[in-house]
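Student: The following file, upload_2.cif, comprises mmCIF, C-alpha atoms and all ligand atoms:
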data_run
#
loop_
_atom_site.label_atom_id
_atom_site.label_comp_id
_atom_site.auth_asym_id
_atom_site.auth_seq_id
_atom_site.Cartn_x
_atom_site.Cartn_y
_atom_site.Cartn_z
CA MET A 22 2.48 -12.47 -2.33
CA THR A 23 1.90 -14.59 -5.38
CA GLN A 24 -1.83 -14.81 -4.69
CA PRO A 25 -4.04 -12.61 -2.55
CA ALA A 26 -3.96 -13.35 1.18
CA PHE A 27 -7.67 -14.26 1.01
CA HIS A 28 -8.40 -16.43 -2.02
CA ARG A 29 -10.39 -19.45 -3.16
CA ASP A 30 -9.04 -22.82 -4.11
CA ASN A 31 -11.58 -25.28 -5.55
CA GLY A 32 -14.43 -23.30 -4.03
CA THR A 33 -12.89 -23.18 -0.55
CA LEU A 34 -11.80 -19.94 1.11
CA PHE A 35 -8.15 -19.80 2.16
CA VAL A 36 -6.33 -17.35 4.39
CA GLU A 37 -2.79 -17.53 3.02
CA GLY A 38 -2.01 -21.26 3.22
CA VAL A 39 -4.75 -22.27 5.66
CA SER A 40 -8.35 -23.22 4.86
CA ALA A 41 -10.94 -21.08 6.64
CA ALA A 42 -13.07 -24.19 7.25
CA ASP A 43 -10.15 -25.80 9.11
CA LEU A 44 -9.69 -22.67 11.21
CA ALA A 45 -13.36 -22.71 12.20
CA ALA A 46 -13.19 -26.42 13.04
CA GLN A 47 -10.06 -26.05 15.13
CA TYR A 48 -10.64 -22.76 16.95
CA GLY A 49 -14.45 -22.52 16.91
CA THR A 50 -16.61 -19.60 15.87
CA PRO A 51 -17.13 -16.68 16.03
CA LEU A 52 -13.46 -16.27 15.13
CA TYR A 53 -11.51 -13.27 13.90
CA VAL A 54 -8.79 -14.27 11.45
CA TYR A 55 -6.00 -11.92 10.34
CA SER A 56 -3.46 -12.42 7.59
CA ARG A 57 0.05 -11.36 8.50
CA ALA A 58 0.94 -11.00 4.81
CA ALA A 59 -2.01 -8.65 4.22
CA LEU A 60 -1.04 -6.52 7.23
CA THR A 61 2.56 -6.33 6.05
CA ALA A 62 1.55 -5.50 2.47
CA ALA A 63 -0.66 -2.61 3.61
CA TRP A 64 2.14 -1.33 5.83
CA HIS A 65 4.56 -1.42 2.91
CA ALA A 66 2.14 0.47 0.68
CA TYR A 67 2.47 3.38 3.12
CA ALA A 68 6.10 2.95 4.09
CA ASP A 69 7.38 2.53 0.52
CA ALA A 70 5.56 5.69 -0.62
CA CYS A 71 7.18 7.57 2.29
CA ALA A 72 10.68 6.22 1.63
CA GLY A 73 13.21 8.95 0.93
CA ARG A 74 10.81 11.69 1.97
CA ARG A 75 10.33 13.43 5.32
CA ALA A 76 7.28 11.39 6.25
CA THR A 77 6.39 9.02 9.08
CA VAL A 78 3.54 6.56 9.48
CA HIS A 79 1.79 6.15 12.83
CA VAL A 80 -0.57 3.19 13.04
CA ALA A 81 -3.93 4.21 14.56
CA VAL A 82 -4.16 1.66 17.36
CA LYS A 83 -7.90 2.02 17.86
CA ALA A 84 -8.68 0.34 14.53
CA ASN A 85 -7.20 -2.96 15.76
CA SER A 86 -5.31 -3.08 19.03
CA ASN A 87 -4.55 -6.80 19.28
CA LEU A 88 -0.97 -7.22 20.51
CA ALA A 89 0.01 -9.60 17.71
CA VAL A 90 -1.32 -7.16 15.09
CA LEU A 91 0.54 -4.25 16.68
CA ASN A 92 3.63 -6.43 16.93
CA VAL A 93 3.59 -6.99 13.14
CA PHE A 94 3.80 -3.21 12.70
CA ALA A 95 6.27 -2.67 15.54
CA ARG A 96 8.66 -5.16 13.89
CA GLU A 97 8.45 -3.02 10.74
CA GLY A 98 9.54 -0.01 12.78
CA ALA A 99 6.11 1.67 12.76
CA GLY A 100 5.07 4.64 14.84
CA PHE A 101 1.70 4.57 16.60
CA ASP A 102 -1.24 6.89 17.19
CA ILE A 103 -3.03 6.28 20.49
CA VAL A 104 -6.18 7.69 22.08
CA SER A 105 -5.87 6.40 25.65
CA GLY A 106 -3.43 5.31 28.33
CA GLY A 107 -4.62 1.75 27.72
CA GLU A 108 -3.54 1.98 24.10
CA LEU A 109 -0.13 3.27 25.20
CA ALA A 110 0.23 0.16 27.39
CA ARG A 111 -0.65 -1.97 24.36
CA VAL A 112 1.92 -0.24 22.14
CA LEU A 113 4.66 -0.80 24.73
CA ALA A 114 3.61 -4.43 25.31
CA ALA A 115 3.67 -5.02 21.53
CA GLY A 116 7.24 -3.77 21.16
CA GLY A 117 6.42 -0.25 19.94
CA LYS A 118 8.31 2.80 21.20
CA ALA A 119 6.80 5.71 23.12
CA ALA A 120 9.23 7.99 21.30
CA ASN A 121 7.45 7.07 18.04
CA THR A 122 3.95 7.46 19.47
CA VAL A 123 1.56 10.40 19.17
CA PHE A 124 -1.27 10.78 21.68
CA SER A 125 -4.58 11.93 20.15
CA GLY A 126 -8.05 12.22 21.65
CA VAL A 127 -10.43 14.88 22.85
CA GLY A 128 -10.57 14.06 26.58
CA LYS A 129 -7.24 12.96 28.00
CA HIS A 130 -7.28 12.26 31.76
CA PRO A 131 -4.46 13.68 33.93
CA ASP A 132 -3.37 10.11 34.77
CA GLU A 133 -3.08 9.33 31.05
CA MET A 134 -1.08 12.52 30.48
CA ARG A 135 1.25 11.59 33.34
CA MET A 136 1.75 8.08 32.01
CA ALA A 137 2.48 9.39 28.50
CA LEU A 138 4.91 12.06 29.74
CA GLU A 139 6.77 9.53 31.85
CA ALA A 140 6.97 7.10 28.93
CA GLY A 141 8.20 9.96 26.69
CA VAL A 142 5.66 10.09 23.85
CA LYS A 143 6.63 12.02 20.75
CA CYS A 144 3.70 14.44 20.74
CA PHE A 145 0.37 15.23 22.37
CA ASN A 146 -2.29 16.15 19.84
CA VAL A 147 -4.29 18.67 21.87
CA GLU A 148 -7.83 19.74 21.03
CA SER A 149 -8.75 22.69 23.33
CA ILE A 150 -7.44 25.42 25.65
CA PRO A 151 -8.62 23.63 28.81
CA GLU A 152 -6.70 20.57 27.62
CA LEU A 153 -3.58 22.74 27.07
CA ASP A 154 -4.00 24.07 30.63
CA ARG A 155 -4.32 20.57 32.03
CA LEU A 156 -1.29 19.26 30.14
CA ASN A 157 0.78 22.29 31.13
CA ALA A 158 -0.10 21.66 34.80
CA VAL A 159 0.66 17.94 34.68
CA ALA A 160 3.96 18.50 32.85
CA GLY A 161 4.87 21.18 35.42
CA GLU A 162 4.26 18.74 38.31
CA LEU A 163 6.62 16.27 36.65
CA GLY A 164 9.21 18.93 35.82
CA LYS A 165 8.85 18.16 32.11
CA LYS A 166 8.01 20.03 28.93
CA ALA A 167 5.26 18.36 26.90
CA PRO A 168 5.63 18.34 23.09
CA VAL A 169 2.33 19.51 21.61
CA SER A 170 0.53 19.82 18.34
CA LEU A 171 -2.92 21.37 18.06
CA ARG A 172 -5.59 19.46 16.26
CA VAL A 173 -7.28 22.05 14.09
CA ASN A 174 -10.66 21.57 12.55
CA PRO A 175 -10.36 22.63 8.90
CA ASP A 176 -14.15 22.54 8.36
CA VAL A 177 -14.04 20.37 5.25
CA ASP A 178 -16.59 17.77 4.29
CA ALA A 179 -14.98 14.35 4.08
CA LYS A 180 -18.15 13.04 2.38
CA THR A 181 -18.44 10.04 4.63
CA HIS A 182 -20.94 8.70 7.18
CA PRO A 183 -21.96 11.44 9.69
CA TYR A 184 -20.75 9.32 12.64
CA ILE A 185 -17.26 9.01 11.16
CA SER A 186 -16.93 12.55 9.80
CA THR A 187 -14.80 14.57 12.19
CA GLY A 188 -13.58 17.69 10.34
CA LEU A 189 -16.77 19.73 10.17
CA LYS A 190 -17.55 22.72 12.39
CA SER A 191 -20.43 20.76 13.84
CA ASN A 192 -18.13 17.96 15.13
CA LYS A 193 -16.77 17.82 18.67
CA PHE A 194 -13.19 17.50 17.41
CA GLY A 195 -10.35 19.95 17.16
CA VAL A 196 -9.78 23.66 17.66
CA ALA A 197 -12.03 25.78 15.43
CA PHE A 198 -10.11 27.06 12.44
CA ASP A 199 -10.77 30.73 13.32
CA GLU A 200 -9.49 30.23 16.85
CA ALA A 201 -6.40 28.22 15.95
CA ARG A 202 -3.95 31.11 15.67
CA ALA A 203 -4.87 32.53 19.09
CA THR A 204 -4.78 29.05 20.60
CA TYR A 205 -1.23 28.57 19.27
CA ARG A 206 -0.18 31.85 20.87
CA ALA A 207 -1.68 30.64 24.17
CA ALA A 208 0.13 27.29 23.89
CA ALA A 209 3.45 28.96 23.08
CA ALA A 210 3.15 31.07 26.24
CA MET A 211 2.66 28.08 28.55
CA PRO A 212 5.94 27.29 30.35
CA HIS A 213 5.64 23.49 30.39
CA LEU A 214 4.61 23.03 26.76
CA HIS A 215 6.74 22.95 23.65
CA VAL A 216 4.84 23.52 20.41
CA VAL A 217 6.15 21.16 17.74
CA GLY A 218 3.44 20.64 15.14
CA ILE A 219 -0.09 20.85 13.83
CA ASP A 220 -2.58 18.09 13.09
CA CYS A 221 -5.99 17.40 11.65
CA HIS A 222 -8.12 14.31 11.07
CA ILE A 223 -11.18 14.89 8.95
CA GLY A 224 -13.00 11.57 9.11
CA SER A 225 -12.86 7.90 8.26
CA GLN A 226 -13.64 5.70 5.23
CA ILE A 227 -12.79 8.63 2.94
CA THR A 228 -12.72 7.44 -0.65
CA GLU A 229 -11.40 10.55 -2.40
CA VAL A 230 -8.14 12.53 -2.16
CA ALA A 231 -9.83 15.90 -2.70
CA PRO A 232 -11.04 16.45 0.91
CA TYR A 233 -7.47 15.80 2.13
CA LEU A 234 -6.04 18.38 -0.26
CA ASP A 235 -8.68 20.90 0.88
CA ALA A 236 -7.71 20.24 4.49
CA VAL A 237 -3.97 20.39 3.72
CA ASP A 238 -4.35 23.74 1.93
CA LYS A 239 -6.21 25.22 4.89
CA VAL A 240 -3.69 23.83 7.37
CA LEU A 241 -0.75 25.22 5.34
CA GLU A 242 -2.35 28.67 5.29
CA LEU A 243 -2.63 28.46 9.06
CA VAL A 244 0.97 27.26 9.43
CA ASP A 245 2.20 30.39 7.66
CA GLN A 246 0.16 32.59 10.00
CA ILE A 247 1.30 30.75 13.12
CA GLU A 248 4.93 30.98 12.07
CA SER A 249 4.57 34.69 11.36
CA ASP A 250 3.54 34.95 15.03
CA GLY A 251 6.92 33.44 15.93
CA VAL A 252 5.84 29.86 16.69
CA GLN A 253 7.69 27.19 14.66
CA ILE A 254 5.75 24.23 13.23
CA HIS A 255 8.09 21.28 12.69
CA HIS A 256 5.59 18.70 11.53
CA ILE A 257 2.22 18.50 9.84
CA ASP A 258 0.07 15.51 10.81
CA VAL A 259 -2.62 14.86 8.21
CA GLY A 260 -4.42 12.23 10.31
CA GLY A 261 -5.85 8.98 9.02
CA GLY A 262 -9.16 8.16 7.42
CA LEU A 263 -8.32 6.66 4.04
CA GLY A 264 -11.14 4.32 3.00
CA ILE A 265 -11.10 0.70 1.88
CA ARG A 266 -13.21 -1.39 -0.43
CA TYR A 267 -16.05 -3.09 1.44
CA ASP A 268 -18.41 -3.40 -1.53
CA ASP A 269 -17.99 -1.34 -4.69
CA GLU A 270 -16.08 1.66 -3.30
CA THR A 271 -13.03 2.78 -5.25
CA PRO A 272 -10.73 4.45 -2.72
CA PRO A 273 -7.45 5.87 -3.98
CA ASP A 274 -4.45 3.58 -3.99
CA ILE A 275 -2.46 4.05 -0.75
CA GLY A 276 0.82 4.96 -2.49
CA GLU A 277 -0.89 7.43 -4.79
CA PHE A 278 -2.69 9.02 -1.85
CA VAL A 279 0.54 9.40 0.15
CA ARG A 280 2.47 10.85 -2.80
CA THR A 281 -0.28 13.32 -3.68
CA VAL A 282 -0.44 14.66 -0.13
CA LEU A 283 3.35 14.84 0.21
CA ASP A 284 3.69 16.59 -3.16
CA ARG A 285 1.22 19.25 -2.06
CA ILE A 286 2.99 19.91 1.24
CA GLU A 287 6.47 19.82 -0.30
CA ALA A 288 5.43 22.25 -3.06
CA HIS A 289 4.27 24.71 -0.42
CA GLY A 290 7.50 24.14 1.50
CA ALA A 291 9.58 24.87 -1.59
CA LYS A 292 7.71 28.15 -2.11
CA THR A 293 8.18 29.27 1.49
CA GLY A 294 11.68 27.84 1.94
CA LYS A 295 10.62 25.45 4.72
CA THR A 296 10.69 21.69 4.93
CA ARG A 297 8.52 19.99 7.50
CA GLU A 298 8.01 16.40 8.44
CA VAL A 299 4.64 14.91 7.52
CA TYR A 300 2.84 12.35 9.69
CA PHE A 301 0.16 9.93 8.54
CA GLU A 302 -2.13 8.12 11.01
CA PRO A 303 -3.82 5.30 9.07
CA GLY A 304 -5.99 2.73 10.80
CA ARG A 305 -8.68 1.17 8.64
CA SER A 306 -6.59 1.16 5.45
CA LEU A 307 -3.86 -0.88 7.19
CA VAL A 308 -5.98 -3.52 8.90
CA GLY A 309 -9.53 -3.48 7.46
CA ASN A 310 -9.04 -5.88 4.60
CA ALA A 311 -6.47 -7.96 6.48
CA GLY A 312 -9.15 -9.59 8.64
CA ILE A 313 -12.34 -11.63 8.41
CA LEU A 314 -14.86 -12.88 10.95
CA LEU A 315 -15.88 -16.52 10.70
CA THR A 316 -19.34 -17.45 11.96
CA THR A 317 -21.46 -20.61 11.86
CA VAL A 318 -25.07 -20.75 10.67
CA GLU A 319 -27.17 -21.95 13.62
CA PHE A 320 -30.60 -22.02 11.99
CA LEU A 321 -32.30 -21.04 8.79
CA LYS A 322 -35.63 -19.40 9.49
CA PRO A 323 -37.70 -18.91 6.36
CA GLY A 324 -40.54 -16.38 6.62
CA ALA A 325 -43.40 -14.87 4.65
CA GLU A 326 -41.59 -11.57 4.17
CA LYS A 327 -37.97 -12.38 4.91
CA ASN A 328 -35.71 -15.35 5.35
CA PHE A 329 -33.31 -15.20 8.24
CA ALA A 330 -30.01 -16.97 8.66
CA ILE A 331 -29.28 -16.93 12.39
CA VAL A 332 -25.54 -17.14 12.96
CA ASP A 333 -23.37 -17.42 16.07
CA ALA A 334 -21.74 -13.98 15.63
CA ALA A 335 -23.71 -10.92 16.64
CA MET A 336 -23.65 -7.16 17.01
CA ASN A 337 -21.56 -7.59 20.14
CA ASP A 338 -18.85 -9.23 17.98
CA LEU A 339 -19.09 -6.87 14.99
CA ALA A 340 -20.89 -3.62 15.76
CA ARG A 341 -20.43 -1.80 12.46
CA PRO A 342 -23.64 -2.92 10.73
CA ALA A 343 -25.80 -2.07 13.77
CA MET A 344 -23.93 1.14 14.43
CA TYR A 345 -23.40 2.62 10.96
CA GLU A 346 -25.52 0.34 8.75
CA ALA A 347 -22.13 -0.67 7.38
CA TYR A 348 -21.89 -3.21 4.56
CA HIS A 349 -19.65 -6.26 4.89
CA ALA A 350 -19.44 -8.88 2.15
CA ILE A 351 -20.56 -12.28 3.46
CA GLU A 352 -19.72 -15.57 1.77
CA PRO A 353 -19.74 -19.27 2.64
CA VAL A 354 -16.24 -20.58 3.28
CA THR A 355 -17.14 -23.68 1.26
CA GLU A 356 -19.30 -23.14 -1.77
CA ARG A 357 -22.28 -25.42 -2.22
CA ALA A 358 -24.44 -26.00 -5.29
CA GLY A 359 -28.18 -25.35 -5.30
CA ALA A 360 -30.64 -22.55 -4.78
CA ALA A 361 -29.43 -19.28 -3.27
CA PRO A 362 -32.41 -17.60 -1.56
CA THR A 363 -32.16 -14.14 -0.05
CA TYR A 364 -31.38 -13.99 3.66
CA ASP A 365 -30.90 -11.41 6.36
CA ILE A 366 -27.87 -12.58 8.33
CA VAL A 367 -28.64 -11.95 12.00
CA GLY A 368 -27.14 -12.80 15.38
CA PRO A 369 -28.69 -14.27 18.54
CA VAL A 370 -28.73 -10.96 20.48
CA CYS A 371 -32.14 -9.67 21.64
CA GLU A 372 -32.23 -6.53 19.48
CA SER A 373 -33.73 -6.01 16.03
CA GLY A 374 -30.60 -3.98 15.28
CA ASP A 375 -28.60 -7.19 15.62
CA TRP A 376 -27.88 -7.87 11.99
CA LEU A 377 -24.66 -8.43 10.04
CA GLY A 378 -25.93 -8.36 6.48
CA ARG A 379 -29.24 -7.76 4.71
CA GLU A 380 -30.78 -9.36 1.65
CA ARG A 381 -27.85 -11.54 0.73
CA SER A 382 -28.33 -14.29 -1.80
CA LEU A 383 -26.61 -17.36 -0.37
CA ALA A 384 -26.65 -21.13 -0.96
CA ILE A 385 -26.31 -22.22 2.68
CA GLU A 386 -27.51 -24.74 5.22
CA ALA A 387 -27.44 -24.88 8.99
CA GLY A 388 -23.93 -25.73 10.18
CA ASP A 389 -22.19 -23.95 7.29
CA VAL A 390 -19.43 -21.49 8.12
CA LEU A 391 -19.63 -17.97 6.68
CA ALA A 392 -16.84 -15.44 6.28
CA ILE A 393 -17.67 -11.82 6.98
CA ARG A 394 -15.08 -9.92 4.98
CA SER A 395 -13.24 -6.65 5.70
CA ALA A 396 -13.58 -7.17 9.46
CA GLY A 397 -10.01 -6.30 10.48
CA ALA A 398 -10.75 -2.66 11.39
CA TYR A 399 -13.22 -1.55 14.06
CA GLY A 400 -14.24 -5.19 14.43
CA PHE A 401 -12.98 -6.97 17.52
CA VAL A 402 -11.97 -3.66 19.13
CA MET A 403 -15.59 -2.51 19.23
CA SER A 404 -16.90 -5.84 20.54
CA SER A 405 -18.73 -6.00 23.85
CA ASN A 406 -20.12 -8.55 26.26
CA TYR A 407 -23.77 -7.61 25.67
CA ASN A 408 -26.05 -10.55 26.49
CA THR A 409 -23.12 -11.94 28.53
CA ARG A 410 -21.50 -13.19 25.38
CA PRO A 411 -17.77 -13.90 25.79
CA ARG A 412 -15.74 -12.12 23.13
CA ALA A 413 -14.47 -14.05 20.11
CA ALA A 414 -11.00 -15.52 19.73
CA GLU A 415 -8.52 -13.93 17.30
CA VAL A 416 -5.94 -15.84 15.27
CA MET A 417 -3.26 -14.70 12.87
CA VAL A 418 -2.31 -16.76 9.86
CA ASP A 419 1.30 -16.55 8.70
CA GLY A 420 1.82 -18.75 5.64
CA THR A 421 0.73 -22.19 6.77
CA ARG A 422 1.12 -21.37 10.47
CA VAL A 423 -1.65 -20.22 12.78
CA HIS A 424 -0.95 -18.12 15.85
CA VAL A 425 -3.58 -17.62 18.58
CA ALA A 426 -3.53 -13.84 18.93
CA ARG A 427 -6.23 -13.80 21.58
CA GLU A 428 -7.88 -16.68 23.38
CA ARG A 429 -11.63 -16.95 23.40
CA GLU A 430 -13.06 -15.29 26.50
CA THR A 431 -14.88 -17.47 29.05
CA VAL A 432 -18.06 -16.76 31.00
CA GLN A 433 -16.00 -17.25 34.16
CA GLN A 434 -13.79 -14.30 33.14
CA LEU A 435 -16.87 -12.19 32.57
CA LEU A 436 -18.18 -12.80 36.08
CA ALA A 437 -14.80 -12.47 37.79
CA GLY A 438 -14.93 -8.81 38.84
CA GLU A 439 -18.53 -8.78 40.07
CA HIS A 440 -19.70 -9.15 43.64
CA LEU A 441 -22.94 -10.13 45.36
CA LEU A 442 -24.31 -7.82 48.03
CA PRO A 443 -23.02 -8.47 51.58
CA ASP A 444 -25.25 -10.46 54.01
C1 LIG A 501 -9.52 7.14 14.25
C2 LIG A 501 -8.35 8.02 14.02
C3 LIG A 501 -7.41 7.67 13.06
C4 LIG A 501 -7.53 6.48 12.17
O1 LIG A 501 -8.62 6.59 11.30
P1 LIG A 501 -8.86 5.50 10.13
O2 LIG A 501 -10.11 5.98 9.49
O3 LIG A 501 -9.02 4.19 10.77
O4 LIG A 501 -7.69 5.56 9.23
C5 LIG A 501 -6.31 8.51 12.92
N1 LIG A 501 -6.15 9.61 13.68
C6 LIG A 501 -7.06 9.98 14.62
C7 LIG A 501 -6.83 11.18 15.43
C8 LIG A 501 -8.19 9.19 14.82
O5 LIG A 501 -9.09 9.57 15.73
#
Represent the structure from my file as structure tokens, please.

Tutor:
Amino acid sequence: MTQPAFHRDNGTLFVEGVSAADLAAQYGTPLYVYSRAALTAAWHAYADACAGRRATVHVAVKANSNLAVLNVFAREGAGFDIVSGGELARVLAAGGKAANTVFSGVGKHPDEMRMALEAGVKCFNVESIPELDRLNAVAGELGKKAPVSLRVNPDVDAKTHPYISTGLKSNKFGVAFDEARATYRAAAAMPHLHVVGIDCHIGSQITEVAPYLDAVDKVLELVDQIESDGVQIHHIDVGGGLGIRYDDETPPDIGEFVRTVLDRIEAHGAKTGKTREVYFEPGRSLVGNAGILLTTVEFLKPGAEKNFAIVDAAMNDLARPAMYEAYHAIEPVTERAGAAPTYDIVGPVCESGDWLGRERSLAIEAGDVLAIRSAGAYGFVMSSNYNTRPRAAEVMVDGTRVHVARERETVQQLLAGEHLLPD
């Protein structure tokens, strides 16, 4: 890329070779726009750092599960990390391989286990003894042996938002560190399971390497204990969670992060005479800054205490501000001269929590199109139909070409599965 995927030319925002204003005019708003070049560049940051080492990257599908987005990664030979049977169907439809897919999640249904066993997923990341029992039973019914890894909870503080911190004792995730060794012995004794690895995932939007190294050290200590019990650990899955820049965060560079983690695990391997494959499961850091959400200003509503800019995107389109008080940069796609008062950017949904940005200084008028940046991760995938609002369209820009990745939903589609009472 000679210039960044998202850049300005004469005051106008461009996504690769296409003007954002033209996209809004042609496809309407609210509109999610992804840059293929940005997706590919983020993939390469991981893949290049893993080259020549025993390391594999599994794209966390839940961060952005659009088929065209997954297809970009599948064409690069990516593995995938799924949390439901639905996500497995998406991976397969996008050209991904079950044999390169790991199945995470705290509450897998027997039907999802069956589907994943039949497809031949690479590994089940299991989080409890009852889940081991269930998987053992389902695999037995199918006459298969399920490859398993236990998600252990290393009890480290990822120093991120409480809703997206997952590696503390107080979280619902993983097998407690103190119980992990006994749980491995239980798993190894189950006839339809085959223990292959260990995994952890300590949170999301993590902007330092230190919590990962703390988690890795604890996991390695556990690996030695488990192996001394006679159970072999072939891979270590360090999860996802690397943060991105939304505002003024300074997350580690992807390549540096990958190399630091691999160095730590390889150094331990050299000491103990073992080499193990390492898995990464990035989501946000692959897709977050590869997408924006375009929205049109409907009305400006000046007030005594606050000015509001009411836009056509809402919390149902982008839930992160309402859900985590998350910050997204917001900018007009076409700059205009003049005063830039302070606005709260809010949607039309009937909730005071329906806001997208607060106290932003913007020179805007009704009808202007705004770009909400860093919307590629946990954006469209978290959208809902609250207030019977059809979900936004998604497009992918590839150079000067635009590909409709998902058509805008219609009200008719929303009503389709509902039925009036009988006479
Ligand atoms: C959500 C999740 C990921 C991806 O997290 P990001 O913060 O988007 O990188 C990876 N692994 C597991 C198990 C997850 O639940």

Student: I'd like the contact shell of range 162-174 of chain A - 8 Å cut-off, only C-alpha atoms, skipping same-chain residues fewer than 4 positions apart - returned as a VMD selection string.

Tutor: chain A and resid 135 138 143 to 149 156 to 158 188 to 190 194 to 198 201 205 212 to 223 240

Student: Do you have the CA of Val104 in chain A-CA of Asn337 in chain A distance handy?

Tutor: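 So the answer is 21.8 Å.
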
Student: Which residues come within 12 Å of Gln246 in chain A, counting all atoms listed in the file, excluding same-chain residues fewer than 5 positions away, as a list in words?

Tutor: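 Near Gln246 in chain A, the qualifying residues are Phe198, Asp199, Ala201, Arg202, Ala203, Tyr205, Arg206, Lys239, Val240, Leu241, Gly251, Val252, Gln253 and Ile254 of chain A.
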
Student: Taking only C-alpha atoms and all ligand atoms into account, list the residues no farther than 10 Å from ligand LIG 501 (chain A), as a PyMOL selection string.

Tutor: chain A and resi 79-85+101-104+123-127+146+172+185-187+194-195+220-227+258-265+301-309+398-399

Student: The selected residues should be written to file as a short mmCIF file (atom, residue, chain, number, x, y, z; two decimals), in the frame of the given file (atoms: C-alpha atoms).

Tutor:
data_model
loop_
_atom_site.label_atom_id
_atom_site.label_comp_id
_atom_site.auth_asym_id
_atom_site.auth_seq_id
_atom_site.Cartn_x
_atom_site.Cartn_y
_atom_site.Cartn_z
CA HIS A 79 1.79 6.15 12.83
CA VAL A 80 -0.57 3.19 13.04
CA ALA A 81 -3.93 4.21 14.56
CA VAL A 82 -4.16 1.66 17.36
CA LYS A 83 -7.90 2.02 17.86
CA ALA A 84 -8.68 0.34 14.53
CA ASN A 85 -7.20 -2.96 15.76
CA PHE A 101 1.70 4.57 16.60
CA ASP A 102 -1.24 6.89 17.19
CA ILE A 103 -3.03 6.28 20.49
CA VAL A 104 -6.18 7.69 22.08
CA VAL A 123 1.56 10.40 19.17
CA PHE A 124 -1.27 10.78 21.68
CA SER A 125 -4.58 11.93 20.15
CA GLY A 126 -8.05 12.22 21.65
CA VAL A 127 -10.43 14.88 22.85
CA ASN A 146 -2.29 16.15 19.84
CA ARG A 172 -5.59 19.46 16.26
CA ILE A 185 -17.26 9.01 11.16
CA SER A 186 -16.93 12.55 9.80
CA THR A 187 -14.80 14.57 12.19
CA PHE A 194 -13.19 17.50 17.41
CA GLY A 195 -10.35 19.95 17.16
CA ASP A 220 -2.58 18.09 13.09
CA CYS A 221 -5.99 17.40 11.65
CA HIS A 222 -8.12 14.31 11.07
CA ILE A 223 -11.18 14.89 8.95
CA GLY A 224 -13.00 11.57 9.11
CA SER A 225 -12.86 7.90 8.26
CA GLN A 226 -13.64 5.70 5.23
CA ILE A 227 -12.79 8.63 2.94
CA ASP A 258 0.07 15.51 10.81
CA VAL A 259 -2.62 14.86 8.21
CA GLY A 260 -4.42 12.23 10.31
CA GLY A 261 -5.85 8.98 9.02
CA GLY A 262 -9.16 8.16 7.42
CA LEU A 263 -8.32 6.66 4.04
CA GLY A 264 -11.14 4.32 3.00
CA ILE A 265 -11.10 0.70 1.88
CA PHE A 301 0.16 9.93 8.54
CA GLU A 302 -2.13 8.12 11.01
CA PRO A 303 -3.82 5.30 9.07
CA GLY A 304 -5.99 2.73 10.80
CA ARG A 305 -8.68 1.17 8.64
CA SER A 306 -6.59 1.16 5.45
CA LEU A 307 -3.86 -0.88 7.19
CA VAL A 308 -5.98 -3.52 8.90
CA GLY A 309 -9.53 -3.48 7.46
CA ALA A 398 -10.75 -2.66 11.39
CA TYR A 399 -13.22 -1.55 14.06
#

Student: Could you work out how far CA of Val39 in chain A lies from CA of Thr421 in chain A, giving the answer in Å with one decimal?

Tutor: 5.6 Å

Student: Residues around (0.8, -11.3, 9.2), cut-off 12 Å, counting all atoms listed in the file - what are they as a ChimeraX atom specification?

Tutor: /A:22,26,36-38,54-64,89-94,96-97,307-308,311-312,397,416-424,426
